[in-house]
Structures are given as C-alpha cells and as structure tokens.
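Report on one structure; see the data block that follows.
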Amino acid sequence: MDLIIGAGISGLSYAAATDHECLVVEAEDQIGGYCKTIYKDGFVWDYSGHFFHFQHPELRDYVMQRIDPDEILTVQKHTQILYKDRHVDFPFQMNIHQLPQEEFIDCLYDLFNIPEGAPSDTFKQMLYAKFGRSIAEKFLIPYNTKLYATDLDRLDVDAMGRFFPYADREQIVRNFRHPEGKSYNATFLYPMQGCIRIVNSVASHVNQDCISLGERLVSIDAATHTAVTDKRTLHYDRLVSSMPLPKLMDLCGIAHDQDAYTWNKVLVFNLGFDAKGPERTNCWMYIPENKYVFYRVGFYDNIIGQDRMSLYVEIGFGKDQPVGDVDALLQRTLDDLRVAGILTDQHLVAEHHVLMDPAYVHITRRSEQDKQEKMALLAQQDIYSIGRYGAWKYCSLEDNMHDAFTLAQRLR
Ligand SMILES: Cc1cc2nc3c(=O)[nH]c(=O)nc-3n(C[C@H](O)[C@H](O)[C@H](O)COP(=O)(O)OP(=O)(O)OC[C@H]3O[C@@H](n4cnc5c(N)ncnc54)[C@H](O)[C@@H]3O)c2cc1C
C-alpha cells in the first residue's frame with residue numbers, strides 16, 4: 001500500500017496516477033492544500049492568486065477534461081509595477097524606457113557598464129552582474145527582498161529557476177521599439193470558481209474512499225515501514241509525502257542541516273469592496289517600495305470581470321518574524337491602498353485572511369546540497385518527498401502534477 005501524505009495537488013496527482021493500492025492522509029478537513037478557494041458574500045478568493053500557465057498540453061488537457069470549458073477564463077495578462085508615482089510595465093528590466101529620463105539613462109548606462117568579471121555566485125550578485133546597478137537597486141533588489149524577507153545574498157543564483165524573467169541587453173533595447181511584453185506568458189487560465197476547481201478535477205480521478213481528511217501524520221518508523229497518525233497506526237510499502245521536507249525529516253528522525261532550511265511566510269488579505277476601484281486593467285501589481293506594507297496586490301475583479309473591487313494583498317515575513325496584530329495590519333493595508341491610489345471611496349464589505357507558512361522557500365547552496373543527500377537517503381527507505389515543500393523548490397501547480405505523475409510512473 002502506498003501511503004500518501006497530503007491531499008494538495010501533489011498528493012492527489014500521485015494518488016490519481018499510481019496503480020498501487022493507496023491511502024491519502026490529510027491533516028485538514030478539506031482537500032486542496034494551498035490551492036483552496038473561499039466563497040464569501042459573492043466574492044471568490046484563493047489562498048493567494050493562483051493562475052495557470054500550462055507548459056505541457058497533456059497536463060492542461062488532463063485537468064480540463066473534467067471542468068466545464070465555459071468555466072475557464074483565458075485572461076490576457078496585464079501586470080505593472082507601482083514605481084514611485086507611476087506605473088511601469090512588468091518586467092522592470094524590459095521597460096526601463098518608461099522611467100523618467102534621468103532614471104532611464106542611469107539604468108541604460110549601468111546596463112552597458114557592468115564591471116568585467118563581476119561576481120555572480122548569489123542571487124543578489126547575479127542581479128548586479130546581469131542588469132547593472134540601477135536596474136538592480138531600483139526594482140529587482142527591493143522587490144525581491146520584500147517578497148523573500150531575507151538578504152538576497154543568501155539565495156542561490158538560480159533561486160527562482162525559470163520563474164525569473166531573464167532578459168539580455170539586446171532584448172531590453174529591442175523592447176524599447178517592439179514590446180515583447182505582449183508575448184511573455186501573454187495569457188493565463190483561471191477557473192471562474194477559483195483554483196480549487198483544478199484540484200477537484202484531479203481529485204475526481206481518485207477513489208474518494210482512499211482519502212482520509214482530518215488525519216495528521218505524527219511519526220514514521222522507516223525501518224518497519226510504519227506510520228502513526230493521530231487516529232491509527234498504518235503499515236505501508238511506500239510513503240509519498242508532500243509535507244514540508246524539514247518536517248518529514250523530523251518525523252523520520254533524520255538529522256539534517258536545520259539552518260539550511262529557511263523560508264518566508266506570506267500573509268494574504270482577500271478584500272471585497274462595495275464598488276469598483278480606479279484600477280481597471282491590471283491583473284496584479286508589484287510594489288517594491290517599503291513605505292507600502294504589501295509587495296503585491298491582485299485584482300480578481302479585473303480577472304473575472306466583476307463590478308465590485310476584489311483584491312488579494314500579499315505581505316512577506318521572515319520565517320521567525322512575528323506577524324503581530326492582524327487587525328492592525330489590515331488597517332495599515334487599507335491605509336496603504338489609499339496612498340497607492342488603489343482604494344478611493346469604496347467600502348470594505350468582506351474580508352478573509354490566511355497565513356501561508358511556508359510560502360516561498362529560500363533556495364540556497366546549503367539547502368540544495370542537504371536536500372539532495374537526504375532525499376536520496378529517504379528513497380533508500382521507500383520514502384519519497386514531493387511537491388513545492390516536499391521537494392523544497394520554487395514551482396507551479398503544473399510542476400507538482402508533472403513530478404507526481406512521473407514518480408507514480410517510475411514506481412510502477
Ligand atoms: C503566494 C503563492 C502564490 C502562488 N501562486 C501560484 C500560481 O499563480 N500558479 C501556480 O501554479 N502555483 C502557484 N503557487 C504554488 C502552488 O500553491 C503550489 O505549487 C501548490 O499548491 C503546492 O501543492 P502541494 O500539494 O505540493 O503542497 P500543499 O498545497 O502545501 O499540500 C500539502 C498538504 O499536506 C498536508 N499536510 C502537511 N503536513 C501533514 C501531516 N503531518 N499529516 C497529514 N497531512 C499533512 C497539508 O495540510 C496540505 O494539504 C503559489 C504559491 C504561493 C505560496
């Protein structure tokens with residue numbers, strides 16, 4: 001029997017694809033993990049905006065075959081940066097020509113005068129070495145520091161993998177005349193009833209009797225292939241876990257480099273208002289300045305086409321940083337939304353918040369090295385750690401499906 005920990009997209013995808021007998025054990029009372037949707041007072045909110053760019057057509061088709069096509073929106077992506085008092089198209093490095101002339105010249109000069117042999121061993125160094133001082137310091141460093149809530153020198157040069165919008169000088173200059181922004185992940189898919197619809201589609205391939213909700217794994221004896229939950233003792237042939245890797249190692253009693261595993265946590269406010277706000281085109285906006293508490297604001301109303309403003313607002317914290325008084329943070333968020341010109345005279349009529357902890361893992365050389373060693377050790381004991389937090393990586397829901405399907409295929 002394959003014991004699967006977690007009924008998020010990773011655990012459910014593995015359960016849908018394996019041909020072994022299996023049981024999915026999920027600590028919460030609902031499936032979905034971080035891909036849950038909240039319905040409140042006519043608003044549809046995810047834990048945070050979850051939008052889908054499928055790279056593998058077969059995975060898109062797999063998901064879509066069990067969703068009513070009328071429910072799926074294909075949305076033209078429009079995203080900008082609130083840069084001081086103006087809106088600049090994202091990605092910043094491709095749109096420096098939209099800055100005031102002096103700042104544009106600074107960015108261009110620095111881009112073409114990057115010191116020969118500039119070091120590029122950390123994420124921060126890479127930003128300087130690839131884009132020059134001004135682009136790095138005006139947007140890339142402040143924004144990503146706010147998001148990751150850490151010194152970017154700690155992060156591996158490839159910490160964001162394919163999700164980092166690289167651009168070379170030629171592309172940047174070409175973009176002044178012929179905007180490429182239009183083709184950069186130009187559209188995304190979104191189910192009008194929220195991202196849980198994607199999870200439900202995958203879950204419909206799993207025998208519902210094989211999913212046990214409200215059951216938490218509390219310890220593992222790898223030697224005897226025994227797992228203890230808060231309800232019973234289970235014997236497994238293989239254990240496939242999507243819980244965060246450091247926690248899995250703790251449950252297995254595997255010593256690991258504790259300090260290597262750090263992450264940020266993200267407090268998400270979902271906010272519903274009584275009327276449409278002034279921002280009518282952006283799907284989401286990036287906010288680098290520290291004078292605003294949030295680093296990103298998304299507009300569900302623009303994405304779904306609603307006549308009342310419906311926002312998600314994301315605030316980053318270090319893993320050990322206290323979140324503090326949530327009511328006070330909500331008030332600060334509303335005040336900052338007004339200063340940013342996103343909120344004018346609309347009234348808040350519905351609110352939901354959730355703390356995603358972990359949210360973005362900090363990929364460092366140390367974490368990568370320890371992860372490789374420990375995952376190999378776990379696999380020798382028939383324990384496989386998958387998913388965004390199980391495999392300790394920066395990835396999308398589609399990647400989670402792909403990895404889970406691949407593992408199920410390999411273990412057949
Ligand atoms: C802010 C933010 C925005 C994102 N936006 C996007 C996006 O736009 N598009 C996209 O494709 N992806 C996005 N993602 C990524 C996406 O959320 C994840 O890749 C995906 O949800 C991870 O699924 P998972 O199943 O691997 O993990 P999870 O969703 O974390 O599921 C793990 C499950 O394991 C359960 N569990 C944990 N411990 C135990 C235990 N001891 N016993 C039993 N059960 C346990 C948990 O309750 C949970 O349900 C975003 C992520 C974040 C943080």
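Ordering of the structure tokens sets the chain letters (A, B, ...), residue numbers begin anew at 1 in every chain, and ligands are numbered from 1 in the order given.
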
Extract, using only C-alpha atoms, all DNA, RNA and protein residues at most 12 Å from Asn95 (chain A), discarding same-chain residues fewer than 2 positions from it, and format them as a short mmCIF file (atom, residue, chain, number, x, y, z; two decimals) with C-alpha atoms, in the first residue's frame.
```cif
data_model
loop_
_atom_site.label_atom_id
_atom_site.label_comp_id
_atom_site.auth_asym_id
_atom_site.auth_seq_id
_atom_site.Cartn_x
_atom_site.Cartn_y
_atom_site.Cartn_z
CA GLN A 80 2.59 46.59 -13.81
CA ILE A 81 4.90 47.90 -11.13
CA TYR A 83 7.20 52.62 -9.24
CA HIS A 87 3.03 52.58 -13.39
CA VAL A 88 5.79 50.75 -15.25
CA ASP A 89 5.10 47.57 -17.19
CA PHE A 90 6.46 44.32 -15.76
CA PRO A 91 9.17 43.07 -16.06
CA PHE A 92 11.00 46.21 -14.95
CA GLN A 93 14.27 45.34 -16.71
CA HIS A 97 12.35 53.31 -21.13
CA GLN A 98 9.11 54.03 -19.26
CA LEU A 99 11.07 55.65 -16.39
CA PRO A 100 11.75 59.39 -16.12
CA GLU A 103 16.50 57.27 -14.32
CA PHE A 104 16.29 55.67 -17.75
CA CYS A 107 19.68 52.18 -15.96
CA LEU A 108 20.94 52.14 -19.53
CA ILE A 135 18.06 48.20 -12.51
CA PHE A 139 13.49 47.39 -8.53
CA ALA A 167 16.48 39.42 -20.43
CA ARG A 169 20.77 43.70 -23.41
CA GLN A 171 16.12 42.09 -25.80
CA ILE A 172 15.93 45.07 -23.48
CA VAL A 173 16.88 47.54 -26.22
CA ARG A 174 14.63 45.84 -28.79
CA ASN A 175 11.76 46.16 -26.36
CA PHE A 176 12.04 49.97 -26.48
CA ARG A 177 10.60 49.84 -30.01
CA HIS A 178 8.94 46.42 -30.24
CA PRO A 179 7.43 45.41 -26.91
CA GLU A 180 7.95 41.74 -26.20
CA GLY A 181 5.95 42.02 -23.00
#
```

List every residue of chain A that has an atom at most 7 Å from any atom of ligand 1, giving for each one its closest atom pair and the distance in Å to one decimal, counting only C-alpha atoms and all ligand atoms, sorted by chain and then by ascending residue number, as a tab-separated table.
```
residue	atom	partner	partner_atom_place_in_ligand_line	distance
A:Ile5	CA	ligand 1	44 (N)	5.1
A:Gly6	CA	ligand 1	34 (O)	3.2
A:Ala7	CA	ligand 1	49 (O)	5.0
A:Gly8	CA	ligand 1	25 (O)	3.5
A:Ile9	CA	ligand 1	25 (O)	4.0
A:Ser10	CA	ligand 1	25 (O)	3.8
A:Gly11	CA	ligand 1	25 (O)	5.6
A:Val25	CA	ligand 1	43 (C)	5.3
A:Glu26	CA	ligand 1	44 (N)	3.8
A:Ala27	CA	ligand 1	43 (C)	3.9
A:Glu28	CA	ligand 1	47 (O)	5.2
A:Ile31	CA	ligand 1	49 (O)	6.3
A:Gly32	CA	ligand 1	49 (O)	5.8
A:Gly33	CA	ligand 1	49 (O)	3.2
A:Tyr34	CA	ligand 1	29 (O)	3.9
A:Cys35	CA	ligand 1	21 (O)	4.9
A:Ser48	CA	ligand 1	1 (C)	5.3
A:Gly49	CA	ligand 1	8 (O)	5.5
A:His50	CA	ligand 1	8 (O)	3.3
A:Phe51	CA	ligand 1	8 (O)	3.8
A:Phe52	CA	ligand 1	9 (N)	5.1
A:Glu215	CA	ligand 1	43 (C)	6.0
A:Arg216	CA	ligand 1	42 (N)	3.6
A:Leu217	CA	ligand 1	42 (N)	3.9
A:Val218	CA	ligand 1	41 (N)	5.9
A:Ser242	CA	ligand 1	32 (C)	5.0
A:Met243	CA	ligand 1	37 (C)	4.2
A:Pro244	CA	ligand 1	37 (C)	6.9
A:Val266	CA	ligand 1	1 (C)	6.5
A:Met356	CA	ligand 1	53 (C)	6.2
A:Ala359	CA	ligand 1	53 (C)	3.9
A:Tyr360	CA	ligand 1	53 (C)	5.8
A:Ile386	CA	ligand 1	26 (O)	6.5
A:Gly387	CA	ligand 1	26 (O)	3.2
A:Arg388	CA	ligand 1	26 (O)	4.3
A:Tyr389	CA	ligand 1	26 (O)	5.9
A:Gly390	CA	ligand 1	26 (O)	6.6
A:Cys395	CA	ligand 1	19 (O)	5.4
A:Ser396	CA	ligand 1	11 (O)	3.6
A:Leu397	CA	ligand 1	11 (O)	3.7
A:Glu398	CA	ligand 1	11 (O)	5.7
A:Asn400	CA	ligand 1	26 (O)	5.8
```

Compile the contact shell of Asn200 (chain A) as JSON, numbers by chain: residues with an atom at most 10 Å away, counting only C-alpha atoms, same-chain residues fewer than 3 positions apart removed. {"A": [9, 12, 31, 32, 36, 63, 66, 67, 195, 196, 197, 203, 204, 205, 206]}

Those selected residues, please, written with N, CA and C atoms and delivered as an mmCIF file, in the first residue's frame.
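Saved file selection_23.cif follows:
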```cif
data_model
loop_
_atom_site.group_PDB
_atom_site.id
_atom_site.type_symbol
_atom_site.label_atom_id
_atom_site.label_comp_id
_atom_site.auth_asym_id
_atom_site.auth_seq_id
_atom_site.Cartn_x
_atom_site.Cartn_y
_atom_site.Cartn_z
ATOM 1 N N ILE A 9 -2.352 19.345 -4.370
ATOM 2 C CA ILE A 9 -2.282 18.907 -5.769
ATOM 3 C C ILE A 9 -1.244 17.796 -5.945
ATOM 4 N N LEU A 12 -2.649 14.366 -4.404
ATOM 5 C CA LEU A 12 -3.787 13.881 -5.203
ATOM 6 C C LEU A 12 -3.334 13.439 -6.600
ATOM 7 N N ILE A 31 -9.681 18.979 1.019
ATOM 8 C CA ILE A 31 -8.564 18.759 0.096
ATOM 9 C C ILE A 31 -8.104 20.132 -0.456
ATOM 10 N N GLY A 32 -6.965 20.133 -1.135
ATOM 11 C CA GLY A 32 -6.547 21.352 -1.849
ATOM 12 C C GLY A 32 -5.219 21.918 -1.404
ATOM 13 N N LYS A 36 -6.749 26.198 -2.260
ATOM 14 C CA LYS A 36 -8.149 26.197 -1.813
ATOM 15 C C LYS A 36 -8.797 27.510 -2.250
ATOM 16 N N VAL A 63 -6.399 18.118 -16.894
ATOM 17 C CA VAL A 63 -7.154 18.917 -15.928
ATOM 18 C C VAL A 63 -8.477 19.385 -16.538
ATOM 19 N N ARG A 66 -12.221 17.439 -17.154
ATOM 20 C CA ARG A 66 -13.288 17.284 -16.168
ATOM 21 C C ARG A 66 -13.761 18.630 -15.606
ATOM 22 N N ILE A 67 -13.530 19.689 -16.352
ATOM 23 C CA ILE A 67 -14.060 21.001 -15.959
ATOM 24 C C ILE A 67 -14.882 21.530 -17.130
ATOM 25 N N CYS A 195 -9.310 28.378 -7.915
ATOM 26 C CA CYS A 195 -8.321 27.349 -8.256
ATOM 27 C C CYS A 195 -8.683 25.975 -7.710
ATOM 28 N N ILE A 196 -9.576 25.894 -6.742
ATOM 29 C CA ILE A 196 -9.954 24.572 -6.212
ATOM 30 C C ILE A 196 -10.568 23.702 -7.320
ATOM 31 N N ARG A 197 -11.111 24.345 -8.358
ATOM 32 C CA ARG A 197 -11.707 23.562 -9.450
ATOM 33 C C ARG A 197 -10.655 22.685 -10.127
ATOM 34 N N ALA A 203 -8.745 15.400 -8.335
ATOM 35 C CA ALA A 203 -9.271 14.520 -7.275
ATOM 36 C C ALA A 203 -10.362 13.582 -7.804
ATOM 37 N N SER A 204 -11.024 13.981 -8.879
ATOM 38 C CA SER A 204 -12.109 13.138 -9.412
ATOM 39 C C SER A 204 -11.566 11.835 -10.002
ATOM 40 N N HIS A 205 -10.248 11.759 -10.191
ATOM 41 C CA HIS A 205 -9.631 10.514 -10.662
ATOM 42 C C HIS A 205 -9.269 9.593 -9.494
ATOM 43 N N VAL A 206 -9.488 10.064 -8.267
ATOM 44 C CA VAL A 206 -9.080 9.276 -7.092
ATOM 45 C C VAL A 206 -10.326 8.715 -6.426
#
```

Hey, what does DSSP flag as helix (DSSP H, G or I) within region 177-277 of chain A? Can you give it to me as number ranges by chain? A: 177, 181-183, 196-203, 208-210, 245-252, 258-260

Tell me which of A:Ala186, A:Leu271, A:Leu329, A:Ile211 sits closest to Asp301 (chain A), counting only C-alpha atoms.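 Smallest separation from Asp301 (chain A) among the options: A:Leu271.
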